[in-house]
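Trainee: Here it is, the structure, as structure tokens.
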Amino acid sequence: MFQAPRGTQDILPEDQPYWSFLKEKAEELARLYGYERIDTPVFEVAGLFVRTVGSGTDIVEKETYSFNDRSGDQMTLRPEGTASVCRAYIEHGMASCPQPVKLFYHAPIFRYERPQAGRYRQHHQFGFEAIGDGDAVLDAELIDMAWRFFALLGLRNLTLQINSIGCHKCRPAYLARLKEYYAGYKAELCGDCKVRLDKNTLRLLDCKKSACRSLMIGAPRSVENLCQECEEHFEQLKSHLLTLHLPFEINSSLVRGLDYYTKTVFEIQPEEKLGQSTIAGGGRYDGLLEELGAKPTPAVGFAAGIERIIINLKKQEIVIPEVPKPLVFIVWMGNIARQAAVKVSGQLRSHGIATMMTYTPRSLKAQLRQADGSGCHYVAIIGDEEVVQKVVMLRDMRTARQEPVALDMLIERLQQKIH
RNA sequence: GUGGGUGUAGCCCAGAGGUCUAAGGCGUCAGGUUGUGGCCCUGAAGAUCGAGGGUUCAAAUCCCUCCACCCACCCCA
């Protein structure tokens, strides 16, 4: 038997209300902050991600789904959303639009990882990117937007952590200091961190091993090693966040796994951690557009993981709006009545009235059971009697009352019921 | 990629070498007379016991391999 590929999942009807709910709220959020929808291809030329996310990152180094197409070009299923949006911004000359250009998307994301709770090989993200403005006000607005998203969804007990990791001017010096510090304790570092020392110095800061964590306390902090521009930016960001009453905390060991971040980085997590905890993360990426060949263009963005949000909505038992059920279920007895049922169903639907019906002959009892299970508010019963009298027996399943309604009055009557 | 756990019908699960021709609940379908649902009752369908190999007179039950899922690490949404 075939199964869905490892780390992927079918989204069944019972879960769809969560997905529609989230999409609605994301669209509401986008409207609220002036973001427009963009969709980009599921796959891109492989080099796009190598260039932006970084060749040394885990995402690019060992997690991509890549393939050669029939002409031999190397393609990659997108492992994140930002690079594609930036590519589209450049490709369509959006630098000529009023800046910043604010775009949002929701898209499947592919990463070849070992699946576990809240971590899949195909997962879905909402992403919001604001390209073309470097002011800290925009960072603050974006963080405010991320925070508001979860408020709109009704999620409680979240934490907002921010940090600044500097820019291409001040970061090299900071990294050198950090490396120098840790090099002095090389013998005490865990195996992973010995590798990080040379390859990914920033990540030394968020190792979870207790020995490394105690070293982290004395480590130089990025926020204390910013250049003047970055420091001012960070100060302004904090001030604007306070103005917006956002309950942020500064986490100086917050770093992100993509190379393109500069200055602001932030994450939102549930207090009660279940498995993979981060439900949204992002930051500023002032060097990314330039890296792709555009003139220097500042930008900020964040992404939120849909599956992880749903896990938390369920955990917090948040009630999702129900998807409405059809209004009418038509049941019938006998071949002549069947003809009438087919005709009525067509007429109802032509008038926008959601209708279900029985197909194969069954006992009236069985049909009513099915109608009951369908959740339809009304059942229209058609038998020989009704056909002769040109009526249907319209039964209200909630009150269990029923009355004959003339066929030519049916639509009008049902439209009244809707209001 | 590393380590640990689990794997019995669509779902939840009993079962711990012969009494398993695998039990129960939910769900599905059909009935409980002649045109009426939600409760209740009856019945039916549905399982090569994750797959393959082995041990044994005998395996869902023991062993090995593989696969999948779950959990942690790693990484990230």
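For the structure tokens, the naming scheme is as follows: chains receive sequential letters (A, B, ...) according to their order of presentation, residues are indexed from 1 within each chain, and ligands are indexed from 1 in presentation order.
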Neighbours of C13 in chain B within 12 Å (only C-alpha atoms (C1' of nucleotides); same-chain residues fewer than 4 positions away dropped), as a compact mmCIF listing (two decimals) with C-alpha atoms (C1' of nucleotides), in the first residue's frame?

Mentor:
```
# COMPACT_ATOMS: atom_id res chain seq x y z
C1' U B 8 -3.43 -5.59 16.30
C1' A B 9 -10.02 -3.67 11.36
C1' A B 23 -12.22 -9.94 22.02
C1' G B 24 -14.57 -5.09 23.00
C1' G B 25 -15.90 0.15 22.01
C1' C B 26 -16.56 4.12 18.19
```

Trainee: Given a cut-off of 7 Å, which residues of chain B touch chain A, counting only C-alpha atoms (C1' of nucleotides), written out as a list in words?

Mentor: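 Here they are: G35, U36, G37, G38, C75 and A77 of chain B.
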
Trainee: Between CA of Pro270 in chain A and CA of Tyr18 in chain A, what is the spacing in Å?

Mentor: 18.1 Å

Trainee: Would you please give, as a list in words, all residues of range 293-394 of chain A that DSSP assigns to strand (DSSP E) based on the backbone?

Mentor: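 Assigned to strand (DSSP E), within range 293-394 of chain A: Ala299, Val300, Gly301, Phe302, Ala303, Ala304, Gly305, Val328, Phe329, Ile330, Val331, Trp332, Thr355, Met356, Met357, Tyr378, Val379, Ala380, Ile381, Ile382, Val391, Val392, Met393 and Leu394 of chain A.
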
Trainee: Work out how far CA of Tyr359 in chain A is from CA of Ala406 in chain A, in Å to one decimal.

Mentor: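 Between CA of Ala406 in chain A and CA of Tyr359 in chain A the gap is 22.9 Å.
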
Trainee: Restricting the calculation to only C-alpha atoms (C1' of nucleotides): of B:C73, B:A22, B:A59, B:C64, which residue gets closest to A47 in chain B?

Mentor: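 That would be B:A22, the residue with the smallest distance to A47 in chain B.
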
Trainee: Find the residues around range 337-340 of chain A up to 12 Å (only C-alpha atoms (C1' of nucleotides) counted), leave out those fewer than 3 positions away in its own chain, and share them as a PyMOL selection string.

Mentor: chain A and resi 330-334+343-347+357-362+380-392+407

Trainee: Next, write the just-selected residues to a file, as a PDB file, in the first residue's frame, keeping C-alpha atoms as the atom set.

Mentor:
```pdb
ATOM      1  CA  ILE A 330     -33.621  15.863   0.015  1.00  0.00           C
ATOM      2  CA  VAL A 331     -34.921  12.349   0.662  1.00  0.00           C
ATOM      3  CA  TRP A 332     -37.246  10.457  -1.648  1.00  0.00           C
ATOM      4  CA  MET A 333     -39.121   7.178  -2.059  1.00  0.00           C
ATOM      5  CA  GLY A 334     -39.727   5.644  -5.453  1.00  0.00           C
ATOM      6  CA  LYS A 343     -35.143  18.414 -10.356  1.00  0.00           C
ATOM      7  CA  VAL A 344     -35.621  20.143  -7.013  1.00  0.00           C
ATOM      8  CA  SER A 345     -31.943  19.773  -6.073  1.00  0.00           C
ATOM      9  CA  GLY A 346     -30.953  21.511  -9.281  1.00  0.00           C
ATOM     10  CA  GLN A 347     -33.394  24.336  -8.723  1.00  0.00           C
ATOM     11  CA  MET A 357     -29.641  14.327  -1.396  1.00  0.00           C
ATOM     12  CA  THR A 358     -29.900  10.566  -1.343  1.00  0.00           C
ATOM     13  CA  TYR A 359     -28.651   8.783  -4.457  1.00  0.00           C
ATOM     14  CA  THR A 360     -29.280   5.066  -4.088  1.00  0.00           C
ATOM     15  CA  PRO A 361     -32.736   3.915  -2.881  1.00  0.00           C
ATOM     16  CA  ARG A 362     -32.792   3.356   0.891  1.00  0.00           C
ATOM     17  CA  ALA A 380     -37.298  17.857   2.085  1.00  0.00           C
ATOM     18  CA  ILE A 381     -39.235  14.600   1.858  1.00  0.00           C
ATOM     19  CA  ILE A 382     -40.642  13.583  -1.503  1.00  0.00           C
ATOM     20  CA  GLY A 383     -42.862  10.505  -1.985  1.00  0.00           C
ATOM     21  CA  ASP A 384     -45.656   9.581  -4.366  1.00  0.00           C
ATOM     22  CA  GLU A 385     -48.077  11.668  -2.363  1.00  0.00           C
ATOM     23  CA  GLU A 386     -45.939  14.794  -2.640  1.00  0.00           C
ATOM     24  CA  VAL A 387     -45.340  14.284  -6.356  1.00  0.00           C
ATOM     25  CA  VAL A 388     -49.059  14.166  -7.009  1.00  0.00           C
ATOM     26  CA  GLN A 389     -49.753  17.235  -4.927  1.00  0.00           C
ATOM     27  CA  LYS A 390     -46.695  19.112  -6.258  1.00  0.00           C
ATOM     28  CA  VAL A 391     -45.290  19.691  -2.763  1.00  0.00           C
ATOM     29  CA  VAL A 392     -42.427  18.558  -0.586  1.00  0.00           C
ATOM     30  CA  LEU A 407     -42.916  23.259  -5.012  1.00  0.00           C
TER      31      LEU A 407
END
```

Trainee: Which value, in Å to one decimal, gives the distance between C1' of U28 in chain B and CA of Ser374 in chain A?

Mentor: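 Between C1' of U28 in chain B and CA of Ser374 in chain A the gap works out to 14.3 Å.
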
Trainee: Show me, as CSV, the residues of range 278-369 of chain A having an atom within 8 Å of range 84-91 of chain A, each with the closest atom pair and its distance in Å, using only C-alpha atoms.

Mentor:
```
residue,atom,partner,partner_atom,distance
A:Leu288,CA,A:Cys86,CA,7.9
A:Leu289,CA,A:Cys86,CA,6.4
A:Leu292,CA,A:Arg87,CA,7.3
A:Ala294,CA,A:Ile90,CA,6.6
```

Trainee: With only C-alpha atoms (C1' of nucleotides) as the atoms that count, which of B:A58, B:C41, B:C20, B:C49 lies nearest to G7 in chain B?

Mentor: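 Residue with the minimum atom-to-atom distance to G7 in chain B: B:C49.
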
Trainee: Which residues in range 335-368 of chain A does DSSP call alpha helix (DSSP H)? List them as a list of chain:residue names.

Mentor: A:Asn335, A:Ile336, A:Ala337, A:Arg338, A:Gln339, A:Ala340, A:Ala341, A:Val342, A:Lys343, A:Val344, A:Ser345, A:Gly346, A:Gln347, A:Leu348, A:Arg349, A:Ser350, A:Leu364, A:Lys365, A:Ala366, A:Gln367, A:Leu368

Trainee: How about saving the chosen residues, C-alpha atoms kept, as a PDB file, in the first residue's frame?

Mentor:
```pdb
ATOM      1  CA  ASN A 335     -38.565   6.294  -8.991  1.00  0.00           C
ATOM      2  CA  ILE A 336     -40.973   9.086  -9.751  1.00  0.00           C
ATOM      3  CA  ALA A 337     -40.037  10.887  -6.588  1.00  0.00           C
ATOM      4  CA  ARG A 338     -36.402  10.428  -7.478  1.00  0.00           C
ATOM      5  CA  GLN A 339     -36.952  12.353 -10.679  1.00  0.00           C
ATOM      6  CA  ALA A 340     -38.609  15.110  -8.700  1.00  0.00           C
ATOM      7  CA  ALA A 341     -35.740  15.109  -6.189  1.00  0.00           C
ATOM      8  CA  VAL A 342     -33.145  15.536  -8.911  1.00  0.00           C
ATOM      9  CA  LYS A 343     -35.143  18.414 -10.356  1.00  0.00           C
ATOM     10  CA  VAL A 344     -35.621  20.143  -7.013  1.00  0.00           C
ATOM     11  CA  SER A 345     -31.943  19.773  -6.073  1.00  0.00           C
ATOM     12  CA  GLY A 346     -30.953  21.511  -9.281  1.00  0.00           C
ATOM     13  CA  GLN A 347     -33.394  24.336  -8.723  1.00  0.00           C
ATOM     14  CA  LEU A 348     -32.284  24.895  -5.139  1.00  0.00           C
ATOM     15  CA  ARG A 349     -28.631  25.034  -6.070  1.00  0.00           C
ATOM     16  CA  SER A 350     -29.375  27.414  -8.922  1.00  0.00           C
ATOM     17  CA  LEU A 364     -36.824   6.477   4.719  1.00  0.00           C
ATOM     18  CA  LYS A 365     -35.403   5.753   8.138  1.00  0.00           C
ATOM     19  CA  ALA A 366     -31.929   5.255   6.728  1.00  0.00           C
ATOM     20  CA  GLN A 367     -32.226   8.418   4.683  1.00  0.00           C
ATOM     21  CA  LEU A 368     -33.278  10.445   7.683  1.00  0.00           C
TER      22      LEU A 368
END
```
